[in-house]
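Asker: I have a structure here, written as C-alpha coordinates, and I will follow up with some questions on it.
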Amino acid sequence: MFVREATAGEMGAVGDLRLEAYRAQNLLAENPLYADTLRVLGADGQGEVLVAVEESRILGTIMVESWHPASEVARGGDEAEIRGLAVAPQAQGRGVGGTLVRAAVDRAVARGARQVVLSTRPAMTAAQRLYAAEGFTRMPDRDWSPVPGVSLLAFRRVLTG
(Lines give C-alpha, C1' and ligand atoms only; values in the text may rest on other atoms or scores of the structure.)
Protein backbone atom coordinates (compact mmCIF):
# COMPACT_ATOMS: atom_id res chain seq x y z
CA MET A 1 0.00 0.00 0.00
CA PHE A 2 1.19 3.49 -0.77
CA VAL A 3 -0.27 7.00 -0.44
CA ARG A 4 -0.34 9.55 -3.23
CA GLU A 5 -2.35 12.53 -4.36
CA ALA A 6 -5.65 11.62 -6.00
CA THR A 7 -5.96 12.39 -9.68
CA ALA A 8 -8.84 14.44 -11.08
CA GLY A 9 -10.18 11.30 -12.73
CA GLU A 10 -10.35 9.52 -9.35
CA MET A 11 -12.42 12.12 -7.54
CA GLY A 12 -15.70 10.32 -8.34
CA ALA A 13 -14.35 7.07 -6.90
CA VAL A 14 -13.04 8.97 -3.85
CA GLY A 15 -16.49 10.46 -3.26
CA ASP A 16 -18.10 7.04 -3.61
CA LEU A 17 -15.62 5.53 -1.13
CA ARG A 18 -16.36 8.25 1.43
CA LEU A 19 -20.08 7.64 1.10
CA GLU A 20 -19.65 3.88 1.41
CA ALA A 21 -17.53 4.26 4.56
CA TYR A 22 -19.86 6.77 6.21
CA ARG A 23 -22.99 4.80 5.33
CA ALA A 24 -21.47 1.57 6.66
CA GLN A 25 -21.25 3.28 10.07
CA ASN A 26 -24.65 5.00 9.74
CA LEU A 27 -22.97 8.40 10.01
CA LEU A 28 -25.24 10.19 7.53
CA ALA A 29 -28.55 9.48 9.28
CA GLU A 30 -28.57 12.73 11.31
CA ASN A 31 -27.42 14.88 8.40
CA PRO A 32 -28.15 13.21 5.03
CA LEU A 33 -27.22 16.39 3.14
CA TYR A 34 -23.60 15.91 4.23
CA ALA A 35 -23.40 13.20 1.55
CA ASP A 36 -23.27 15.98 -1.06
CA THR A 37 -20.27 17.54 0.70
CA LEU A 38 -18.48 14.20 1.09
CA ARG A 39 -18.92 13.39 -2.57
CA VAL A 40 -17.13 16.53 -3.80
CA LEU A 41 -14.80 17.41 -0.91
CA GLY A 42 -11.52 18.60 -2.40
CA ALA A 43 -12.67 18.44 -6.02
CA ASP A 44 -12.53 22.24 -6.16
CA GLY A 45 -8.77 22.16 -5.58
CA GLN A 46 -9.06 23.85 -2.17
CA GLY A 47 -7.36 20.97 -0.38
CA GLU A 48 -5.03 18.14 -1.29
CA VAL A 49 -6.86 14.83 -1.51
CA LEU A 50 -4.69 11.82 -0.75
CA VAL A 51 -5.52 8.19 -1.46
CA ALA A 52 -4.11 4.94 -0.10
CA VAL A 53 -3.74 2.56 -3.02
CA GLU A 54 -2.99 -1.13 -3.29
CA GLU A 55 -2.81 -2.85 -6.67
CA SER A 56 -4.61 0.13 -8.26
CA ARG A 57 -7.51 -0.14 -5.74
CA ILE A 58 -8.27 2.90 -3.60
CA LEU A 59 -8.48 1.67 0.00
CA GLY A 60 -8.95 5.00 1.71
CA THR A 61 -8.73 8.75 1.45
CA ILE A 62 -8.05 11.89 3.45
CA MET A 63 -7.82 15.57 2.64
CA VAL A 64 -5.42 18.13 4.06
CA GLU A 65 -5.85 21.82 3.51
CA SER A 66 -4.10 24.92 4.73
CA TRP A 67 -6.08 27.48 6.65
CA HIS A 68 -8.36 29.73 4.61
CA PRO A 69 -11.23 32.04 5.64
CA ALA A 70 -13.84 29.27 5.24
CA SER A 71 -11.90 26.64 7.25
CA GLU A 72 -14.06 24.63 9.61
CA VAL A 73 -11.65 24.16 12.52
CA ALA A 74 -8.37 25.85 11.56
CA ARG A 75 -8.09 29.41 12.84
CA GLY A 76 -4.89 30.80 11.35
CA GLY A 77 -2.12 30.51 8.83
CA ASP A 78 -0.03 28.27 11.06
CA GLU A 79 -2.72 25.55 11.04
CA ALA A 80 -3.69 22.90 8.54
CA GLU A 81 -6.92 20.94 8.69
CA ILE A 82 -7.59 17.28 8.00
CA ARG A 83 -10.99 16.39 6.55
CA GLY A 84 -12.81 13.46 5.02
CA LEU A 85 -10.85 10.52 6.40
CA ALA A 86 -12.54 7.41 5.05
CA VAL A 87 -11.44 3.81 4.70
CA ALA A 88 -13.33 1.29 2.58
CA PRO A 89 -15.17 -1.10 4.92
CA GLN A 90 -13.33 -4.13 3.50
CA ALA A 91 -9.94 -2.45 4.17
CA GLN A 92 -10.57 -1.42 7.78
CA GLY A 93 -8.29 -2.87 10.42
CA ARG A 94 -5.30 -2.98 8.05
CA GLY A 95 -3.59 0.27 9.09
CA VAL A 96 -4.94 2.29 6.17
CA GLY A 97 -6.33 5.06 8.38
CA GLY A 98 -3.09 5.52 10.30
CA THR A 99 -1.07 5.56 7.10
CA LEU A 100 -3.34 8.25 5.67
CA VAL A 101 -3.24 10.38 8.84
CA ARG A 102 0.56 10.25 8.92
CA ALA A 103 0.73 11.20 5.23
CA ALA A 104 -1.63 14.13 5.83
CA VAL A 105 0.47 15.32 8.78
CA ASP A 106 3.61 15.09 6.61
CA ARG A 107 1.88 17.23 3.95
CA ALA A 108 0.88 19.75 6.62
CA VAL A 109 4.49 19.95 7.82
CA ALA A 110 5.64 20.51 4.23
CA ARG A 111 3.12 23.37 3.98
CA GLY A 112 4.66 24.99 7.07
CA ALA A 113 1.85 24.22 9.51
CA ARG A 114 2.67 24.31 13.22
CA GLN A 115 -0.39 22.27 14.12
CA VAL A 116 -2.97 20.08 12.45
CA VAL A 117 -6.61 20.26 13.49
CA LEU A 118 -9.68 18.19 12.68
CA SER A 119 -13.19 17.48 13.81
CA THR A 120 -15.03 14.21 14.20
CA ARG A 121 -18.40 12.95 15.35
CA PRO A 122 -18.73 11.59 18.91
CA ALA A 123 -19.90 8.27 17.43
CA MET A 124 -16.65 7.88 15.46
CA THR A 125 -14.84 6.20 18.34
CA ALA A 126 -12.46 4.18 16.14
CA ALA A 127 -11.35 7.39 14.43
CA GLN A 128 -10.85 9.04 17.82
CA ARG A 129 -8.64 6.14 18.98
CA LEU A 130 -6.65 6.46 15.76
CA TYR A 131 -6.20 10.21 16.23
CA ALA A 132 -5.06 9.71 19.83
CA ALA A 133 -2.56 7.06 18.70
CA GLU A 134 -1.22 9.56 16.14
CA GLY A 135 -0.65 12.25 18.79
CA PHE A 136 -3.87 14.25 18.52
CA THR A 137 -5.50 15.64 21.67
CA ARG A 138 -8.96 17.04 22.32
CA MET A 139 -9.56 20.72 21.81
CA PRO A 140 -13.04 21.23 23.36
CA ASP A 141 -12.95 25.01 22.89
CA ARG A 142 -13.34 24.39 19.13
CA ASP A 143 -16.16 21.83 19.28
CA TRP A 144 -18.96 22.93 17.00
CA SER A 145 -22.24 22.05 15.36
CA PRO A 146 -22.62 22.47 11.58
CA VAL A 147 -26.38 21.82 11.72
CA PRO A 148 -28.83 21.36 14.59
CA GLY A 149 -28.52 17.91 16.14
CA VAL A 150 -24.99 17.23 14.83
CA SER A 151 -22.08 17.79 17.21
CA LEU A 152 -18.43 17.70 16.19
CA LEU A 153 -15.46 17.24 18.49
CA ALA A 154 -12.23 19.10 17.70
CA PHE A 155 -8.74 17.61 17.96
CA ARG A 156 -5.24 18.90 17.28
CA ARG A 157 -1.69 17.78 16.95
CA VAL A 158 1.04 20.29 17.67
CA LEU A 159 3.88 19.91 15.17
CA THR A 160 6.46 22.22 16.73
CA GLY A 161 7.39 23.09 20.29
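How things are named: the first chain in the C-alpha coordinates is A, the next is B, and so on; residues count from 1 in each chain; ligands count from 1 in the order shown.
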May I have all residues of range 69-155 of chain A that DSSP, computed from the backbone, assigns to helix (DSSP H, G or I), given as a ChimeraX atom specification?
Answerer: /A:89-91,96-110,125-133,140-142
Asker: Which of these, A:Arg57, A:Asp141, A:Thr37, A:Ala126, has the shortest distance to Gln92 in chain A once you count only C-alpha atoms?
Answerer: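 Answer, going by the shortest atom-to-atom distance: A:Ala126.
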Asker: Using only C-alpha atoms, which residues sit within 12 Å of Val147 in chain A once same-chain residues fewer than 2 positions away are excluded, as an NGL selection string?
Answerer: :A and (30-34 or 144-145 or 149-152)
Asker: Residues as selected, N, CA and C atoms, written as a JSON list (two decimals), in the first residue's frame, can you do that?
Answerer:
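And here is the file that came out, again_31.json:
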[["chain", "number", "residue", "atom", "x", "y", "z"],
["A", 30, "GLU", "N", -28.19, 11.46, 10.68],
["A", 30, "GLU", "CA", -28.57, 12.73, 11.31],
["A", 30, "GLU", "C", -28.44, 13.91, 10.37],
["A", 31, "ASN", "N", -27.63, 13.79, 9.34],
["A", 31, "ASN", "CA", -27.42, 14.88, 8.40],
["A", 31, "ASN", "C", -27.22, 14.32, 6.99],
["A", 32, "PRO", "N", -28.29, 13.83, 6.35],
["A", 32, "PRO", "CA", -28.15, 13.21, 5.03],
["A", 32, "PRO", "C", -27.57, 14.14, 3.97],
["A", 33, "LEU", "N", -27.75, 15.44, 4.14],
["A", 33, "LEU", "CA", -27.22, 16.39, 3.14],
["A", 33, "LEU", "C", -25.70, 16.43, 3.13],
["A", 34, "TYR", "N", -25.06, 15.93, 4.19],
["A", 34, "TYR", "CA", -23.60, 15.91, 4.23],
["A", 34, "TYR", "C", -23.04, 14.99, 3.14],
["A", 144, "TRP", "N", -17.98, 22.12, 17.72],
["A", 144, "TRP", "CA", -18.96, 22.93, 17.00],
["A", 144, "TRP", "C", -20.07, 22.07, 16.44],
["A", 145, "SER", "N", -21.08, 22.74, 15.92],
["A", 145, "SER", "CA", -22.24, 22.05, 15.36],
["A", 145, "SER", "C", -22.56, 22.67, 14.00],
["A", 149, "GLY", "N", -28.49, 19.34, 15.88],
["A", 149, "GLY", "CA", -28.52, 17.91, 16.14],
["A", 149, "GLY", "C", -27.24, 17.17, 15.78],
["A", 150, "VAL", "N", -26.26, 17.86, 15.20],
["A", 150, "VAL", "CA", -24.99, 17.23, 14.83],
["A", 150, "VAL", "C", -23.87, 17.96, 15.57],
["A", 151, "SER", "N", -23.19, 17.23, 16.46],
["A", 151, "SER", "CA", -22.08, 17.79, 17.21],
["A", 151, "SER", "C", -20.77, 17.24, 16.67],
["A", 152, "LEU", "N", -19.76, 18.10, 16.64],
["A", 152, "LEU", "CA", -18.43, 17.70, 16.19],
["A", 152, "LEU", "C", -17.42, 18.03, 17.28]]
Asker: If I take CA of Thr137 in chain A and CA of Arg156 in chain A, how far is one from the other in Å, to one decimal?
Answerer: 5.5 Å
Asker: From the list A:Ala29, A:Val40, A:Ala88, A:Ala104, which residue is nearest Val64 in chain A when using only C-alpha atoms?
Answerer: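 So, comparing all the options, the nearest one is A:Ala104.
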Asker: Find, counting only C-alpha atoms, the residue in A:Glu54, A:Glu65, A:Asp44, A:Asp78 that gets nearest to Val96 in chain A.
Answerer: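 The answer is A:Glu54, which sits nearest to Val96 in chain A.
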Asker: Nearest to Leu159 in chain A: which of A:Val49, A:Asp106, A:Gln128, A:Arg94 is it, counting only C-alpha atoms?
Answerer: A:Asp106
Asker: Would you compute the distance between CA of Gly95 in chain A and CA of Met1 in chain A? Give it in Å to one decimal.
Answerer: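 For CA of Gly95 in chain A relative to CA of Met1 in chain A, the distance reads 9.8 Å.
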Asker: Report the distance between CA of Val14 in chain A and CA of Ala91 in chain A in Å, rounded to one decimal place.
Answerer: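 Computing it gives 14.3 Å between the two atoms.
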